[in-house]
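Novice: To be precise about what I am sending: the file is called query-v2.txt and holds compact mmCIF, C-alpha atoms.
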# COMPACT_ATOMS: atom_id res chain seq x y z
CA MET W 137 132.27 -42.14 104.83
CA LEU W 138 133.19 -42.28 101.14
CA THR W 139 130.83 -41.07 98.44
CA HIS W 140 131.12 -39.86 94.86
CA GLU W 141 130.53 -36.15 94.51
CA GLU W 142 130.91 -33.36 92.01
CA ILE W 143 131.73 -29.89 93.27
CA SER W 144 132.10 -26.55 91.56
CA GLY W 145 134.15 -23.63 92.77
CA ILE W 146 137.40 -21.68 92.47
CA ILE W 147 140.87 -23.15 92.87
CA VAL W 148 142.34 -20.90 95.58
CA THR W 149 145.61 -22.69 96.48
CA LEU W 150 147.98 -25.12 94.75
CA ASN W 151 150.30 -27.56 96.47
CA GLY W 152 151.90 -29.52 93.65
CA GLU W 153 155.46 -29.70 94.90
CA ASN W 154 154.38 -31.05 98.29
CA LYS W 155 153.29 -34.66 98.17
CA PRO W 156 150.53 -35.61 97.90
CA TYR W 157 149.57 -33.30 95.06
CA HIS W 158 146.50 -31.27 96.00
CA PHE W 159 144.71 -27.96 95.69
CA LYS W 160 141.99 -26.21 97.65
CA VAL W 161 138.65 -25.26 96.10
CA LYS W 162 136.36 -22.61 97.55
CA ALA W 163 133.08 -24.28 96.61
CA LYS W 164 129.96 -22.43 95.49
CA ASP W 165 128.47 -23.20 98.91
CA GLU W 166 131.53 -21.55 100.57
CA ARG W 167 133.07 -24.83 101.84
CA ASP W 168 136.84 -25.20 101.52
CA ILE W 169 137.56 -28.57 99.94
CA ASP W 170 140.98 -30.20 99.58
CA CYS W 171 141.25 -31.94 96.22
CA TYR W 172 143.96 -34.56 95.68
CA PHE W 173 145.13 -35.40 92.16
CA ALA W 174 147.61 -37.59 90.29
CA PRO W 175 151.00 -36.00 89.43
CA ASP W 176 150.27 -36.28 85.69
CA LYS W 177 147.44 -33.71 86.13
CA GLU W 178 149.73 -31.05 87.60
CA ALA W 179 150.05 -29.04 84.35
CA GLN W 180 146.27 -29.05 83.85
CA VAL W 181 145.61 -28.03 87.46
CA SER W 182 148.18 -25.20 87.20
CA THR W 183 146.35 -23.72 84.20
CA LEU W 184 143.09 -23.76 86.18
CA TYR W 185 144.46 -21.89 89.22
CA LYS W 186 142.07 -19.09 90.27
CA LYS W 187 139.48 -20.20 87.73
CA CYS W 188 136.03 -21.76 88.04
CA VAL W 189 136.25 -25.54 87.96
CA ARG W 190 134.14 -28.64 88.32
CA VAL W 191 135.82 -31.51 90.16
CA GLY W 192 134.45 -35.01 90.52
CA GLY W 193 135.70 -37.94 92.50
CA THR W 194 135.56 -39.87 95.73
CA THR W 195 134.74 -37.66 98.69
CA SER W 196 135.61 -38.26 102.30
CA LYS W 197 134.22 -36.17 105.12
CA ASN W 198 135.00 -35.86 108.78
CA GLN W 199 134.00 -33.31 111.41
CA LYS W 200 136.71 -30.85 110.38
CA CYS W 201 137.00 -31.05 106.61
CA THR W 202 135.94 -32.47 103.29
CA SER W 203 138.40 -33.81 100.74
CA ILE W 204 138.03 -35.32 97.32
CA ASP W 205 140.27 -37.65 95.33
CA ALA W 206 139.82 -36.05 91.92
CA VAL W 207 138.90 -38.36 89.08
CA TYR W 208 138.32 -35.44 86.72
CA ILE W 209 138.94 -31.70 86.77
CA GLU W 210 137.48 -29.37 84.16
CA MET W 211 137.06 -25.67 83.68
CA LEU W 212 133.56 -24.42 84.46
CA THR W 213 132.51 -21.83 81.89
CA SER W 214 128.74 -22.22 81.86
CA GLU W 215 125.94 -23.59 83.95
CA GLU W 216 122.38 -24.51 83.08
CA MET W 217 119.86 -23.31 85.66
CA SER W 218 116.23 -24.26 86.09
CA ASN W 219 115.72 -21.72 88.87
CA ILE W 220 117.36 -18.49 89.94
CA GLY W 221 117.08 -18.18 93.68
CA ARG W 222 113.37 -18.11 94.52
CA TYR W 223 112.27 -17.98 90.89
CA GLU W 224 111.55 -21.20 89.01
CA LEU W 225 112.21 -20.83 85.32
CA LEU W 226 109.69 -21.95 82.71
CA LYS W 227 112.57 -23.62 80.88
CA PRO W 228 116.26 -23.87 81.73
CA VAL W 229 118.71 -21.08 80.88
CA THR W 230 122.44 -21.42 80.30
CA PHE W 231 124.57 -18.77 82.00
CA ASP W 232 128.23 -17.94 81.52
CA VAL W 233 130.05 -18.43 84.82
CA SER W 234 133.41 -16.91 85.69
CA TYR W 235 135.38 -15.54 88.59
CA ASP W 236 137.10 -12.15 88.53
CA MET W 237 140.18 -12.65 90.71
CA GLU W 238 141.17 -8.98 90.58
CA ASN W 239 137.88 -7.91 92.16
CA SER W 240 137.11 -11.23 93.93
CA LEU W 241 133.70 -11.54 92.24
CA TRP W 242 131.62 -14.40 90.93
CA CYS W 243 130.11 -13.40 87.57
CA ILE W 244 126.97 -15.12 86.21
CA GLN W 245 125.66 -13.75 82.92
CA ASN W 246 123.28 -14.37 80.05
CA TYR W 247 123.59 -11.63 77.46
CA ASP W 248 120.51 -12.64 75.43
CA LEU W 249 118.30 -12.16 78.51
CA ALA W 250 120.24 -9.09 79.72
CA LEU W 251 120.80 -10.80 83.09
CA ASP W 252 123.98 -10.20 85.08
CA GLY W 253 124.77 -11.29 88.62
CA TYR W 254 127.91 -10.37 90.54
CA GLY W 255 128.89 -11.10 94.11
CA SER W 256 131.77 -11.93 96.41
CA THR W 257 130.09 -15.33 96.87
CA TYR W 258 128.18 -17.47 94.41
CA ASN W 259 124.98 -16.95 96.45
CA GLU W 260 125.42 -13.16 96.33
CA ALA W 261 125.71 -13.40 92.53
CA ILE W 262 122.44 -15.40 92.45
CA GLU W 263 120.77 -12.75 94.65
CA CYS W 264 121.98 -10.10 92.21
CA LEU W 265 120.41 -12.10 89.35
CA GLU W 266 117.12 -12.18 91.29
CA GLU W 267 117.23 -8.39 91.63
CA ASP W 268 118.00 -8.07 87.92
CA ILE W 269 114.95 -10.21 87.09
CA GLU W 270 112.77 -8.12 89.40
CA SER W 271 113.88 -4.83 87.86
CA HIS W 272 113.31 -6.16 84.32
CA VAL W 273 109.84 -7.43 85.20
CA LEU W 274 108.90 -4.12 86.83
CA CYS W 275 110.17 -2.16 83.86
CA PHE W 276 108.40 -4.36 81.30
CA THR W 277 105.10 -4.41 83.19
CA ARG W 278 105.03 -0.71 84.09
CA CYS W 279 106.07 0.71 80.73
CA ASP W 280 103.98 0.36 77.62
CA ASP W 281 105.61 -1.52 74.74
CA SER W 282 105.37 1.63 72.62
CA GLU W 283 107.82 3.26 75.06
CA GLN W 284 110.38 0.45 74.64
CA SER W 285 113.17 0.19 72.09
CA GLN W 286 113.24 -2.77 69.71
CA ASP W 287 116.18 -4.23 71.69
CA SER W 288 114.16 -3.97 74.91
CA LEU W 289 111.18 -5.66 73.31
CA ASN W 290 113.43 -8.50 72.13
CA VAL W 291 114.73 -8.97 75.70
CA LYS W 292 111.15 -8.88 77.04
CA ARG W 293 110.04 -11.53 74.53
CA LYS W 294 112.98 -13.79 75.49
CA LEU W 295 112.41 -13.26 79.22
CA LEU W 296 108.74 -14.21 78.85
CA GLU W 297 109.87 -17.59 77.45
CA HIS W 298 111.79 -18.30 80.68
CA ILE W 299 110.30 -16.25 83.51
CA ASN W 300 106.76 -16.18 84.85
CA PHE W 301 106.25 -12.43 85.28
CA ASN W 302 103.21 -13.06 87.51
CA GLN W 303 105.34 -15.12 89.92
CA VAL W 304 107.80 -12.25 90.22
CA LEU W 305 105.08 -9.64 90.66
CA ALA W 306 103.34 -11.76 93.32
CA TYR W 307 106.57 -12.04 95.31
CA LEU W 308 107.25 -8.30 95.02
CA TYR W 309 103.70 -7.52 96.15
CA GLU W 310 104.06 -9.89 99.11
CA ARG W 311 107.43 -8.39 100.06
CA ASP W 312 106.77 -4.70 99.41
CA GLY W 313 103.01 -4.29 99.40
CA GLU W 314 101.69 -2.27 96.51
CA ILE W 315 104.06 -2.22 93.55
Translate the structure of the given file into C-alpha cells.
Specialist:
Amino acid sequence: MLTHEEISGIIVTLNGENKPYHFKVKAKDERDIDCYFAPDKEAQVSTLYKKCVRVGGTTSKNQKCTSIDAVYIEMLTSEEMSNIGRYELLKPVTFDVSYDMENSLWCIQNYDLALDGYGSTYNEAIECLEEDIESHVLCFTRCDDSEQSQDSLNVKRKLLEHINFNQVLAYLYERDGEI
C-alpha cells in the first residue's frame, strides 16, 4: 500500500554508491526506514549523515519493512510541541532538537523555559522533559517567590504561560500520594 508520509529521525547508514541510492533512518518511533533518493541529492544526504532529519515522500509498507521514496529531505533543528508526554501545553512551545552521535542521545531543549530532555531514544528524551517539568513545578509551588532568584521567577512566569501547574500537581498526587 502506497501513502504519503513524513518521518523524522536520524540518518544512521548511507548507501550512495550502491544503486539505488538510499539511506536508513532510525525514526523517532524507533522504526528503521529505508529512504530512497535521486542521485542528485547525494551531496545533501551526505551532509545530513548522523543528523536529525525530516523526510517526506511516498511510503510503501510490507510485513517486514517500511521504505520511502524521498521527495524532500531537510535537517530537523526544531520542533513545535503542543504536549510533552502526558502534559498538554496551554500553548505550543518550540524546542531545539538534535542528536549527539558521540553519546548516542536525543537532545530536546528550550532554554527560555529551562527544559532539557535527553535519552537514547526520542521517547526517553520526552520522558526526561516530563520529569524536568515536574521538578520545576514542585520547586515553584513549594518555595515562596521571595526565596527565588530573578532568573527563576522569569522561568516560572514563562512556564505558567505554557504549563498548567495544577495538571502536573494532580498527576504527581495521583502517582505518589501526598506531595
Novice: Measure the distance from CA of Trp242 in chain W to CA of Tyr258 in chain W in Å and round it to one decimal.
Specialist: 5.8 Å
Novice: Considering all atoms listed in the file, give me a table of residues in range 207-233 of chain W that are at most 10 Å from range 158-173 of chain W, with the closest atom pair and distance in Å for each, as JSON lines.
Specialist:
{"residue": "W:Val207", "atom": "CA", "partner": "W:Phe173", "partner_atom": "CA", "distance": 7.6}
{"residue": "W:Tyr208", "atom": "CA", "partner": "W:Phe173", "partner_atom": "CA", "distance": 8.7}
{"residue": "W:Ile209", "atom": "CA", "partner": "W:Phe173", "partner_atom": "CA", "distance": 9.0}
Novice: So which one's closest to Leu251 in chain W, W:Ser285, W:Ser196, W:Leu295, W:Asn290? Using all atoms listed in the file, please.
Specialist: W:Leu295
Novice: Point out the residue among W:Asn198, W:Ser218, W:Ser240, W:Ser203 with the least atom-to-atom distance to Val148 in chain W, counting all atoms listed in the file.
Specialist: W:Ser240
Novice: Take the point (141.9, -23.0, 88.3) in the file's coordinates, draw a sphere of radius 10 Å around it, and report as a ChimeraX atom specification every protein, DNA or RNA residue with an atom inside or on it, counting only C-alpha atoms.
Specialist: /W:145-150,159-161,180-190,209-212,235
